[in-house]
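S.K.: Enclosed is the structure file final35.cif (mmCIF, C-alpha atoms).
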data_work
#
loop_
_atom_site.label_atom_id
_atom_site.label_comp_id
_atom_site.auth_asym_id
_atom_site.auth_seq_id
_atom_site.Cartn_x
_atom_site.Cartn_y
_atom_site.Cartn_z
CA MET T 1 80.35 15.81 -8.50
CA LYS T 2 78.04 13.73 -10.67
CA ILE T 3 77.11 11.59 -7.68
CA LEU T 4 76.18 14.72 -5.70
CA LEU T 5 73.96 15.99 -8.51
CA VAL T 6 72.17 12.65 -8.69
CA VAL T 7 71.55 12.68 -4.92
CA LEU T 8 70.20 16.24 -5.07
CA LEU T 9 67.92 15.37 -7.99
CA VAL T 10 66.50 12.37 -6.15
CA ALA T 11 65.94 14.44 -2.99
CA VAL T 12 64.16 17.22 -4.86
CA THR T 13 61.96 14.72 -6.66
CA ALA T 14 61.04 12.96 -3.40
CA PHE T 15 60.12 16.14 -1.52
CA SER T 16 58.24 17.61 -4.45
CA GLN T 17 55.63 14.81 -4.52
CA LYS T 18 52.21 15.80 -3.18
CA VAL T 19 49.80 13.47 -1.47
CA VAL T 20 46.28 14.14 -2.88
CA SER T 21 43.30 12.85 -0.90
CA VAL T 22 40.06 12.49 -2.88
CA ASP T 23 36.72 12.42 -1.04
CA GLU T 24 34.74 9.94 -3.13
CA SER T 25 31.46 10.97 -1.48
CA LEU T 26 31.68 14.29 -3.32
CA THR T 27 31.72 12.63 -6.74
CA LYS T 28 29.95 9.31 -6.19
CA ASN T 29 26.88 10.34 -8.19
CA THR T 30 28.66 11.99 -11.10
CA LYS T 31 27.65 9.23 -13.50
CA LYS T 32 24.05 9.05 -12.28
CA SER T 33 21.09 10.84 -13.89
CA TRP T 34 19.62 13.68 -11.88
CA ALA T 35 16.48 13.54 -14.04
CA LEU T 36 15.96 9.91 -13.06
CA ALA T 37 16.50 10.82 -9.40
CA LEU T 38 13.90 13.59 -9.61
CA GLY T 39 11.43 11.31 -11.38
CA ALA T 40 11.86 8.65 -8.70
CA SER T 41 11.17 11.20 -5.95
CA ALA T 42 8.10 12.45 -7.80
CA VAL T 43 6.66 8.93 -8.01
CA LEU T 44 7.54 7.91 -4.45
CA PRO T 45 9.33 10.34 -2.11
CA GLY T 46 12.61 8.91 -0.86
CA MET T 47 13.33 6.87 -3.97
CA GLY T 48 15.42 9.63 -5.51
CA GLU T 49 17.55 9.69 -2.37
CA LEU T 50 17.79 5.90 -2.45
CA TYR T 51 18.98 6.05 -6.06
CA LEU T 52 21.67 8.53 -5.01
CA GLY T 53 22.74 6.35 -2.10
CA GLU T 54 21.46 8.60 0.70
CA GLN T 55 19.78 5.94 2.86
CA LYS T 56 19.05 8.16 5.85
CA PHE T 57 16.41 10.12 3.93
CA VAL T 58 14.50 7.14 2.57
CA ARG T 59 12.48 5.99 5.57
CA PRO T 60 11.17 9.42 6.68
CA PHE T 61 9.84 10.21 3.20
CA VAL T 62 8.43 6.72 2.53
CA TRP T 63 6.68 6.34 5.90
CA THR T 64 5.27 9.86 5.67
CA ASP T 65 3.87 9.07 2.24
CA ILE T 66 2.33 5.80 3.41
CA ALA T 67 0.67 7.54 6.37
CA LEU T 68 -0.71 10.28 4.12
CA TRP T 69 -2.08 7.73 1.64
CA PHE T 70 -3.89 5.89 4.44
CA THR T 71 -5.28 9.19 5.72
CA ALA T 72 -6.43 10.32 2.28
CA ILE T 73 -8.08 7.02 1.36
CA GLY T 74 -9.58 6.56 4.82
CA SER T 75 -11.03 10.07 5.02
CA TYR T 76 -12.51 9.77 1.53
CA ALA T 77 -14.17 6.43 2.37
CA ILE T 78 -15.50 7.76 5.69
CA GLY T 79 -16.87 10.84 3.94
CA GLU T 80 -18.73 8.69 1.43
CA ARG T 81 -20.25 6.67 4.28
CA TYR T 82 -21.43 9.83 6.06
CA LEU T 83 -22.93 11.17 2.82
CA THR T 84 -24.81 7.92 2.18
CA SER T 85 -25.93 7.81 5.80
CA ALA T 86 -27.22 11.40 5.67
CA HIS T 87 -29.13 10.72 2.45
CA ASN T 88 -30.74 7.56 3.84
CA TYR T 89 -31.62 9.40 7.05
CA ALA T 90 -33.36 12.17 5.09
CA VAL T 91 -35.29 9.57 3.08
CA ARG T 92 -36.44 7.88 6.29
CA TYR T 93 -37.31 10.88 8.47
CA ALA T 94 -38.03 13.68 5.97
CA GLY T 95 -39.54 11.66 3.14
CA LEU T 96 -36.89 12.83 0.68
CA ASN T 97 -37.88 11.45 -2.71
CA PHE T 98 -34.60 11.94 -4.57
CA ASN T 99 -32.08 9.10 -4.97
CA SER T 100 -29.08 11.25 -5.86
CA ARG T 101 -26.54 12.01 -3.15
CA SER T 102 -25.91 15.52 -4.44
CA VAL T 103 -24.07 17.45 -1.73
CA ASP T 104 -25.68 20.77 -2.66
CA MET T 105 -29.14 19.22 -2.57
CA LEU T 106 -28.55 17.55 0.80
CA ASN T 107 -27.21 20.81 2.25
CA THR T 108 -30.43 22.49 1.15
CA VAL T 109 -32.49 19.72 2.76
CA GLY T 110 -30.71 20.51 6.02
CA ASP T 111 -31.22 24.27 5.67
CA TYR T 112 -35.02 24.13 5.27
CA ARG T 113 -37.58 22.00 7.09
CA SER T 114 -39.78 21.59 4.05
CA ARG T 115 -40.02 22.10 0.33
CA GLY T 116 -43.68 23.08 0.13
CA GLY T 117 -44.87 23.83 3.66
CA VAL T 118 -44.32 22.03 6.94
CA ASP T 119 -46.87 19.40 7.88
CA GLY T 120 -48.46 20.65 11.09
CA GLN T 121 -47.06 24.15 10.82
CA ASN T 122 -45.57 25.39 14.08
CA SER T 123 -47.08 28.33 15.90
CA SER T 124 -44.15 30.71 15.23
CA PRO T 125 -42.52 29.55 11.99
CA ASP T 126 -39.11 30.71 10.91
CA MET T 127 -39.10 32.82 7.76
CA ASP T 128 -36.78 30.30 6.07
CA GLU T 129 -38.49 27.06 7.09
CA ASP T 130 -40.21 26.70 3.71
CA TYR T 131 -37.74 26.45 0.80
CA ASN T 132 -40.28 27.53 -1.83
CA GLN T 133 -41.26 30.64 0.13
CA ALA T 134 -37.59 31.53 0.62
CA GLN T 135 -36.99 31.26 -3.14
CA LEU T 136 -39.97 33.48 -3.94
CA ARG T 137 -38.90 36.10 -1.38
CA SER T 138 -35.45 36.23 -3.01
CA GLY T 139 -37.03 36.83 -6.44
CA LYS T 140 -36.42 33.32 -7.80
CA SER T 141 -38.77 30.66 -9.09
CA ILE T 142 -39.22 27.60 -6.86
CA ASP T 143 -37.41 25.36 -9.35
CA GLN T 144 -34.62 27.73 -10.36
CA ASP T 145 -31.99 26.13 -8.13
CA LEU T 146 -33.67 22.82 -7.31
CA ASP T 147 -36.00 20.72 -9.42
CA ALA T 148 -39.59 21.12 -8.26
CA SER T 149 -40.08 17.35 -8.11
CA ILE T 150 -37.69 17.06 -5.15
CA GLN T 151 -39.71 17.08 -1.93
CA TRP T 152 -39.00 16.67 1.79
CA ASP T 153 -40.57 17.59 5.12
CA TRP T 154 -38.86 17.30 8.51
CA GLY T 155 -42.01 18.37 10.35
CA SER T 156 -42.81 21.19 12.73
CA SER T 157 -40.10 22.67 14.93
CA ASP T 158 -42.65 22.57 17.79
CA ASN T 159 -42.11 18.82 17.86
CA PRO T 160 -38.85 17.96 19.74
CA GLU T 161 -38.58 14.63 17.93
CA THR T 162 -38.53 16.19 14.45
CA THR T 163 -36.00 18.75 15.67
CA GLU T 164 -33.76 15.91 16.83
CA HIS T 165 -34.09 14.33 13.39
CA ILE T 166 -32.99 17.40 11.46
CA ASP T 167 -30.19 18.06 13.95
CA GLU T 168 -28.91 14.50 13.48
CA PHE T 169 -29.03 14.95 9.71
CA LYS T 170 -27.02 18.17 9.98
CA SER T 171 -24.50 16.42 12.22
CA ARG T 172 -23.91 13.72 9.61
CA MET T 173 -23.43 16.35 6.91
CA ARG T 174 -20.92 18.18 9.14
CA HIS T 175 -18.96 14.96 9.60
CA TYR T 176 -18.97 14.57 5.81
CA ARG T 177 -17.56 18.07 5.34
CA VAL T 178 -14.86 17.50 7.95
CA SER T 179 -13.81 14.26 6.27
CA ARG T 180 -13.59 16.07 2.94
CA ILE T 181 -11.35 18.74 4.47
CA VAL T 182 -9.09 16.01 5.88
CA PHE T 183 -9.00 14.37 2.45
CA GLN T 184 -8.05 17.60 0.69
CA VAL T 185 -5.36 18.40 3.25
CA SER T 186 -3.96 14.87 2.88
CA VAL T 187 -3.78 15.20 -0.90
CA GLY T 188 -2.02 18.55 -0.53
CA ALA T 189 0.42 17.00 1.93
CA LEU T 190 1.13 14.16 -0.51
CA LEU T 191 2.06 16.69 -3.18
CA LEU T 192 4.15 18.68 -0.69
CA ASN T 193 5.99 15.53 0.38
CA ARG T 194 6.99 14.98 -3.24
CA VAL T 195 8.12 18.56 -3.73
CA VAL T 196 10.27 18.42 -0.58
CA SER T 197 11.77 15.09 -1.64
CA MET T 198 12.57 16.43 -5.12
CA LEU T 199 14.23 19.53 -3.67
CA ASN T 200 16.21 17.35 -1.29
CA THR T 201 17.23 15.13 -4.21
CA ILE T 202 18.57 18.17 -6.05
CA ARG T 203 20.53 19.18 -2.94
CA VAL T 204 22.00 15.69 -2.54
CA TYR T 205 22.91 15.47 -6.22
CA ARG T 206 24.67 18.82 -6.20
CA ALA T 207 26.62 17.82 -3.09
CA THR T 208 27.67 14.42 -4.44
CA SER T 209 28.28 15.14 -8.11
CA SER T 210 30.87 17.19 -9.93
CA LYS T 211 28.23 18.21 -12.46
CA SER T 212 26.39 21.48 -12.23
CA PHE T 213 22.73 21.93 -13.03
CA THR T 214 23.33 25.34 -14.54
CA GLU T 215 25.89 23.92 -16.95
CA ARG T 216 23.36 21.42 -18.21
CA MET T 217 20.49 23.82 -18.78
CA GLU T 218 20.02 26.07 -21.75
CA PHE T 219 17.30 28.70 -22.03
CA VAL T 220 16.51 29.42 -25.64
CA PRO T 221 14.06 32.30 -26.33
CA GLU T 222 11.84 31.70 -29.33
CA PHE T 223 9.44 34.18 -30.95
CA TYR T 224 6.21 33.26 -32.69
CA GLU T 225 6.26 33.75 -36.45
CA ASP T 226 3.88 36.70 -36.31
CA GLY T 227 5.93 38.33 -33.55
CA SER T 228 2.97 38.31 -31.17
CA GLY T 229 4.66 36.57 -28.25
CA LEU T 230 7.70 35.04 -26.67
CA MET T 231 8.24 31.58 -25.33
CA VAL T 232 11.23 30.03 -23.62
CA ASN T 233 12.48 26.63 -24.62
CA VAL T 234 14.40 24.94 -21.80
CA GLN T 235 16.86 22.31 -22.94
CA PHE T 236 18.61 19.89 -20.58
#
Let's see the structure in the file written out as structure tokens.

M.R.:
Amino acid sequence: MKILLVVLLVAVTAFSQKVVSVDESLTKNTKKSWALALGASAVLPGMGELYLGEQKFVRPFVWTDIALWFTAIGSYAIGERYLTSAHNYAVRYAGLNFNSRSVDMLNTVGDYRSRGGVDGQNSSPDMDEDYNQAQLRSGKSIDQDLDASIQWDWGSSDNPETTEHIDEFKSRMRHYRVSRIVFQVSVGALLLNRVVSMLNTIRVYRATSSKSFTERMEFVPEFYEDGSGLMVNVQF
């Protein structure tokens, strides 16, 4: 009888054991810092994923960032070259006597043929060919928006050569504006690349860590002493 009880006890113990399989990929980043991962992605997209061991996301983010940096730097440099070129062109063909490369000033130089009357006035002048006259007609003084010492004269629109000159100047200023748009879009894309990488880092961390972000965050409302407002103190 005792032998039978021992056999039954051993059998029950053997069949009652459970085989537990643990997926280590779901907890591999438990001991890692999510704040460090986010910071790495903010500095260079893909580095947060690299820190968390997700290699497949690294190259797309890094190469995208490199391409955007080249685009941003290149477009800015090209824009500066067009701006300098436009200024030098106005000095040469319109007699512009101002050394500054002010964008607003150069746009004005392209909008009006002259500051104080076109040399060899054309037979049917445009109402806005003379900057000073345009200012007076709008109720402004001639130096209200632009210092009176700044002078230029592209010449009469009856002369095809002077028309070609001002058209070329306007073309260079258009190229400058396009390059600036490309630069601004590139900078925005650089910021977006970081935001996407940070969001992806959060997703990866949540999928590979047993820790929860909500369990680590504490929102503490605090009132000003005079009771005039409310602020929220977020503690991690």

S.K.: Around (-18.9, 15.1, 12.1), as given in the file, which residues come within 12 Å? Count only C-alpha atoms and list them as a PDB file with C-alpha atoms, in the coordinates of the input.

M.R.:
ATOM      1  CA  SER T  75     -11.030  10.070   5.020  1.00  0.00           C
ATOM      2  CA  ILE T  78     -15.500   7.760   5.690  1.00  0.00           C
ATOM      3  CA  GLY T  79     -16.870  10.840   3.940  1.00  0.00           C
ATOM      4  CA  ARG T  81     -20.250   6.670   4.280  1.00  0.00           C
ATOM      5  CA  TYR T  82     -21.430   9.830   6.060  1.00  0.00           C
ATOM      6  CA  LEU T  83     -22.930  11.170   2.820  1.00  0.00           C
ATOM      7  CA  SER T  85     -25.930   7.810   5.800  1.00  0.00           C
ATOM      8  CA  ALA T  86     -27.220  11.400   5.670  1.00  0.00           C
ATOM      9  CA  ASP T 167     -30.190  18.060  13.950  1.00  0.00           C
ATOM     10  CA  GLU T 168     -28.910  14.500  13.480  1.00  0.00           C
ATOM     11  CA  PHE T 169     -29.030  14.950   9.710  1.00  0.00           C
ATOM     12  CA  LYS T 170     -27.020  18.170   9.980  1.00  0.00           C
ATOM     13  CA  SER T 171     -24.500  16.420  12.220  1.00  0.00           C
ATOM     14  CA  ARG T 172     -23.910  13.720   9.610  1.00  0.00           C
ATOM     15  CA  MET T 173     -23.430  16.350   6.910  1.00  0.00           C
ATOM     16  CA  ARG T 174     -20.920  18.180   9.140  1.00  0.00           C
ATOM     17  CA  HIS T 175     -18.960  14.960   9.600  1.00  0.00           C
ATOM     18  CA  TYR T 176     -18.970  14.570   5.810  1.00  0.00           C
ATOM     19  CA  ARG T 177     -17.560  18.070   5.340  1.00  0.00           C
ATOM     20  CA  VAL T 178     -14.860  17.500   7.950  1.00  0.00           C
ATOM     21  CA  SER T 179     -13.810  14.260   6.270  1.00  0.00           C
ATOM     22  CA  ARG T 180     -13.590  16.070   2.940  1.00  0.00           C
ATOM     23  CA  ILE T 181     -11.350  18.740   4.470  1.00  0.00           C
ATOM     24  CA  VAL T 182      -9.090  16.010   5.880  1.00  0.00           C
TER      25      VAL T 182
END

S.K.: Which residues, written as a list of chain:residue names, have at least one atom at most 12 Å from T:Leu50, with all atoms listed in the file counted and residues fewer than 3 positions away on the same chain left out?

M.R.: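 Skipping anything fewer than 3 positions along the chain leaves T:Asn29, T:Leu36, T:Ala37, T:Leu38, T:Ala40, T:Ser41, T:Leu44, T:Pro45, T:Gly46, T:Met47, T:Gly53, T:Glu54, T:Gln55, T:Lys56, T:Phe57, T:Val58, T:Arg59, T:Pro60, T:Phe61, T:Val62, T:Ser197, T:Asn200, T:Thr201, T:Val204, T:Tyr205.
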
S.K.: When you draw a straight line from atom CA of T:Ser209 to atom CA of T:Gly39, how long is it in Å?

M.R.: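 So the answer is 17.6 Å.
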
S.K.: Could you please give me, as a PyMOL selection string, the residues of protein, DNA or RNA lying at most 12 Å from (-2.8, 7.6, 0.9) in the coordinate frame of the file, considering all atoms listed in the file?

M.R.: chain T and resi 44+62-77+182-191+193

S.K.: Please report the interatomic distance between atom CA of T:Thr27 and atom CA of T:Ala207 in Å with one decimal.

M.R.: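 Pair atom CA of T:Thr27 / atom CA of T:Ala207 returns 8.1 Å.
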
S.K.: At what distance in Å, to one decimal, does atom CA of T:Gln151 lie from atom CA of T:Asp130?

M.R.: 11.2 Å

S.K.: List, as a list in words, every residue that the PyMOL selection byres ((chain T and resi 98) around 12) selects in the file provided.

M.R.: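 Evaluating the PyMOL selection byres ((chain T and resi 98) around 12) on these coordinates yields His87, Asn88, Ala90, Val91, Arg92, Ala94, Gly95, Leu96, Asn97, Asn99, Ser100, Arg101, Ser102, Met105, Leu106, Val109, Leu146, Asp147, Ala148, Ser149, Ile150, Gln151 and Trp152 of chain T.
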
S.K.: From the set T:Gly155, T:Ile166, T:Val43, T:Pro160, which residue has the shortest atom-to-atom contact distance to T:Thr108, counting only C-alpha atoms?

M.R.: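 Closest to T:Thr108, using only C-alpha atoms: T:Ile166.
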
S.K.: Under the rule that only C-alpha atoms are counted, which of T:Trp154, T:Ser33, T:Ser138, T:Gly48 is the nearest residue to T:Leu199?

M.R.: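 Using only C-alpha atoms, T:Leu199 sits closest to T:Gly48.
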